[in-house]
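**Q** My questions all concern the structure below.
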Amino acid sequence: MNERTNEAASSATGKGQTGILLAVVMLAFMGQMMLNPILAPLARMIGLEEWHVGAIISMAALVLTLLSQFWGRRSQKVGPKRVLIFAMLLGFLALGSFALVAYAGSRGLIAGFWLVFGAVATRGILYGSAISAVLPAAQSYLVSQCESEEDRVKAVGGIGAMNGLSGVIGSVFGGVLSMIGGLMLPLSIMPFMMLVALAVLAAAFKPSANARAVDEPAKVSYFDPRVFPFLLVGFFMFLAFSSLQTTIGFAVQDRLALDETLTAGYTSLIMIVMSVTMIVCQAVVVPRLKWSARRLLRVGFVLLSISGVLFLAGNTLALLLIAAVTIGVGVGFAMPGYNAGPTMDMAHEEQGGLAGLISANNGATYIIAPVLSTSLYGWAPLSSFVLVIVLLVAGLALCLLHPTLRNERK
């Protein structure tokens, strides 16, 4: 009886700590997501050009790509709490410094090279360094607490759901705050989201005693045959998804012949529908289905391929919303499969390196997609959507034909 009671108490404690860690992930990314709805008008207000904004985003993605494996391995060596506390402090410094740069630019105190340099250094390099630690540390810890594939799918699905939820809440919060107090109000509040996450970490997060420290965490090669097929289909998925995110606003305006105000509203609606669908799938549907990671990938890519065709053909708001729901369900299925699948074939000391590698793989697509998709759209508007279909169908073919992805684990 005592053993059962202890096991139940341990399980409840573990679930509580998982919830705390997922809340930290959401708060950390809200500091980024609050900026999304105000970034374009903010850039024009302080004197940044469009390509400067692209440089900031690409620099953050590049830093994330370069540092993710380091943070994943580091979290296994010193523990996730220490890594995440450092990341939150660095994130607070980065977003606070970016707010100061933006304020100085709005007052004409800095301009030209120094304005661009300040924005890239703070929101690009510093913030990219901070946020690159969050997902690898969270995933490597949660995966290390799960033995079964089903539990790992739930764990990484929870991370994905919190990431998506931060996008919805952060975008709404940022837009509302800017309407209440101008563009500087959300900028001023953003850094404090990192402090709230830091307070939650320091006060409530107590990593499990079962989380074994690793003296020498292993570095995982991108081309390791145990993980490469997963990374390749994940790269195709995120490159397609980030390309759609970049060009959907242009397509909405051009296909529906809308002015700027209606374009912003319709685009926001499509993105919110997409995000909410992804959250519901990862947090509610996937855990109840209890499918294997490989089955989730296969079904997810079928739906993703269908969504690509719908986005290509979509010339009404209704059709674009159907496409948004379809891609939301597709990503909601495929992402947990992509994140959890390779963990089952890796040793404990490789989990941090794998989590960092997955994060870096995703980040690399956000370096490529903005330039590639907008260039294609400028050349021929439909070509960027054809690229999306090609990527998703290629991913589906890999899921169906590659032995590592086709065959279920025994």
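Letters A, B, ... mark the chains of the structure tokens in the order given; residue numbers begin at 1 per chain; ligand numbers begin at 1, in order shown.
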Determine, counting only C-alpha atoms, which protein, DNA and RNA residues have an atom within 7 Å of an atom of range 328-337 of chain A; residues of the same chain fewer than 4 positions away are not included. Present the result as a list in words.
**A**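 These residues fall inside the cut-off: Val153, Val156, Gly157, Met274, Ser275, Thr277, Met278, Ile279, Cys281, Gln282, Val286, Ala293, Arg294, Leu296, Leu297, Gly300, Phe301, Leu303, Leu304, Ala324 and Gly341 of chain A.
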**Q** Create the file for the chosen residues now, containing C-alpha atoms and written as a tab-separated table (two decimals), in the first residue's frame.
**A**
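Output file part-v7.tsv is given in full below:
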chain	number	residue	atom	x	y	z
A	153	VAL	CA	4.62	11.99	-27.61
A	156	VAL	CA	6.68	16.99	-26.70
A	157	GLY	CA	3.09	17.65	-27.77
A	274	MET	CA	-4.19	27.77	-37.71
A	275	SER	CA	-2.57	28.21	-34.28
A	277	THR	CA	-6.11	24.09	-34.33
A	278	MET	CA	-2.47	23.12	-33.76
A	279	ILE	CA	-2.80	23.70	-30.01
A	281	CYS	CA	-4.47	18.77	-31.69
A	282	GLN	CA	-1.23	18.63	-29.72
A	286	VAL	CA	-2.94	13.46	-29.94
A	293	ALA	CA	5.20	8.75	-33.52
A	294	ARG	CA	5.57	7.30	-37.01
A	296	LEU	CA	1.37	10.60	-36.42
A	297	LEU	CA	3.98	11.65	-38.97
A	300	GLY	CA	0.11	14.50	-40.46
A	301	PHE	CA	1.89	14.70	-43.80
A	303	LEU	CA	-3.14	16.37	-44.20
A	304	LEU	CA	-0.26	18.79	-44.77
A	324	ALA	CA	-5.76	26.86	-42.19
A	341	GLY	CA	10.14	9.61	-32.83
**Q** Please list as a count of residues only every residue within 12 Å of range 42-51 of chain A, counting only C-alpha atoms and excluding residues in the same chain fewer than 4 positions away.
**A** 44
**Q** Of the candidates A:Leu357, A:Val273, A:Ala240, A:Leu405, which one gets nearest to Val388 in chain A if we count only C-alpha atoms?
**A**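 Closest candidate: A:Ala240.
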**Q** Near Lys154 in chain A, within 10 Å and counting only C-alpha atoms, which residues show up once chain neighbours fewer than 6 positions away are dropped, as a ChimeraX atom specification?
**A** /A:142-143,146,160,282-284,286-288,290,336-337,340
**Q** Using only C-alpha atoms, which of A:Ala121, A:Leu135, A:Leu21, A:Leu126 sits nearest Ala360 in chain A?
**A**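 The answer is A:Leu135, which sits nearest to Ala360 in chain A.
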**Q** Any idea what the distance is between CA of Ser144 in chain A and CA of Gln17 in chain A?
**A** 13.4 Å
**Q** Among the residues of range 16-257 of chain A, find those DSSP assigns to helix (DSSP H, G or I) from the backbone and print them as an MDAnalysis selection string.
**A** chainID A and resid 16:33 36:46 50:78 80:106 112:131 134:144 149:181 184:204 228:256
**Q** What does the distance between CA of Leu201 in chain A and CA of Glu149 in chain A come to in Å, to one decimal place?
**A** 27.1 Å
**Q** Between A:Arg226, A:Arg295, A:Arg123, A:Arg152, which one has atoms that come closest to Ala60 in chain A, using only C-alpha atoms?
**A**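 For Ala60 in chain A, the nearest of the candidates is A:Arg123.
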**Q** List the neighbours of Ser68 in chain A out to 8 Å using only C-alpha atoms; skip same-chain residues closer than 6 positions along the sequence, and give me the result as a compact mmCIF listing (two decimals) with N, CA and C atoms, in the first residue's frame.
**A**
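Writing done, so here's selection.txt:
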# COMPACT_ATOMS: atom_id res chain seq x y z
N SER A 132 17.29 30.24 -27.63
CA SER A 132 17.81 28.97 -28.16
C SER A 132 17.98 27.91 -27.08
N ALA A 133 17.97 28.33 -25.80
CA ALA A 133 18.13 27.37 -24.70
C ALA A 133 16.82 26.76 -24.25
N PRO A 136 15.42 23.15 -26.21
CA PRO A 136 16.29 22.00 -25.94
C PRO A 136 16.32 21.58 -24.48
N ALA A 355 17.75 16.99 -28.72
CA ALA A 355 16.79 18.09 -28.55
C ALA A 355 17.33 19.38 -29.16
N GLY A 356 18.63 19.64 -28.96
CA GLY A 356 19.24 20.82 -29.56
C GLY A 356 19.29 20.74 -31.07
N LEU A 357 19.54 19.54 -31.59
CA LEU A 357 19.61 19.35 -33.04
C LEU A 357 18.26 19.59 -33.69
N SER A 359 15.86 21.53 -32.49
CA SER A 359 15.62 22.97 -32.42
C SER A 359 16.41 23.72 -33.48
N ALA A 360 17.67 23.32 -33.68
CA ALA A 360 18.50 23.96 -34.71
C ALA A 360 17.95 23.70 -36.10
**Q** Find, counting only C-alpha atoms, the residue in A:Arg255, A:Arg82, A:His402, A:Arg73 that gets nearest to Leu232 in chain A.
**A** A:His402
**Q** Of the candidates A:Leu354, A:Val276, A:Ile248, A:Met162, which one gets nearest to Trp71 in chain A if we count only C-alpha atoms?
**A**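 With only C-alpha atoms as the atom set, the closest residue is A:Leu354.
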**Q** Extract, using only C-alpha atoms, all DNA, RNA and protein residues at most 12 Å from Leu22 in chain A, discarding same-chain residues fewer than 5 positions from it, and format them as a ChimeraX atom specification.
**A** /A:15-17,27-29,134-135,137-139,141-142,155-166,197,200-201,205,283
**Q** What is the CA of Thr326 in chain A-CA of Ser292 in chain A distance in Å, reported with one decimal?
**A**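 Answer for the CA of Thr326 in chain A to CA of Ser292 in chain A separation: 20.5 Å.
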**Q** Which residues, written as a list in words, have at least one atom at most 9 Å from Val220 in chain A, with only C-alpha atoms counted and residues fewer than 6 positions away on the same chain left out?
**A** Gln69, Val227, Glu350, Gln351, Gly352, Gly353, Leu354 and Leu357 of chain A
**Q** Can you list, as a short mmCIF file (atom, residue, chain, number, x, y, z; two decimals) with N, CA and C atoms, in the first residue's frame, every protein, DNA or RNA residue that comes within 9 Å of range 315-317 of chain A when you count only C-alpha atoms, leaving out same-chain residues fewer than 2 positions away?
**A**
data_model
loop_
_atom_site.label_atom_id
_atom_site.label_comp_id
_atom_site.auth_asym_id
_atom_site.auth_seq_id
_atom_site.Cartn_x
_atom_site.Cartn_y
_atom_site.Cartn_z
N ALA A 251 -0.78 36.96 -50.25
CA ALA A 251 -1.79 36.23 -51.02
C ALA A 251 -3.20 36.68 -50.67
N VAL A 252 -3.46 36.89 -49.39
CA VAL A 252 -4.78 37.35 -48.96
C VAL A 252 -5.12 38.69 -49.61
N ARG A 255 -5.34 38.11 -53.71
CA ARG A 255 -6.43 37.25 -54.21
C ARG A 255 -7.81 37.80 -53.87
N LEU A 256 -7.93 38.43 -52.70
CA LEU A 256 -9.24 38.92 -52.26
C LEU A 256 -9.42 40.41 -52.54
N TYR A 266 -7.94 39.84 -41.90
CA TYR A 266 -8.14 38.50 -42.46
C TYR A 266 -6.93 37.60 -42.22
N ILE A 270 -6.79 34.04 -40.12
CA ILE A 270 -6.26 32.79 -40.66
C ILE A 270 -5.17 32.23 -39.75
N PHE A 311 -4.24 25.81 -50.08
CA PHE A 311 -3.67 27.16 -50.07
C PHE A 311 -3.36 27.64 -51.49
N LEU A 312 -2.92 26.74 -52.34
CA LEU A 312 -2.65 27.11 -53.73
C LEU A 312 -3.92 27.53 -54.43
N ALA A 313 -5.02 26.81 -54.19
CA ALA A 313 -6.28 27.07 -54.88
C ALA A 313 -7.14 28.11 -54.19
N LEU A 319 -12.30 29.22 -48.18
CA LEU A 319 -11.36 28.17 -48.60
C LEU A 319 -10.03 28.31 -47.88
N LEU A 320 -9.59 29.55 -47.67
CA LEU A 320 -8.33 29.77 -46.94
C LEU A 320 -8.46 29.34 -45.48
N LEU A 321 -9.64 29.53 -44.89
CA LEU A 321 -9.85 29.09 -43.51
C LEU A 321 -9.87 27.56 -43.42
N ILE A 322 -10.46 26.91 -44.42
CA ILE A 322 -10.42 25.44 -44.46
C ILE A 322 -8.97 24.96 -44.56
#
**Q** Check the smallest atom-to-atom distance from each of A:Asn361, A:Thr18, A:Asn407, A:Ser305 to Val393 in chain A using only C-alpha atoms, then report the winner.
**A**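 So, comparing all the options, the nearest one is A:Ser305.
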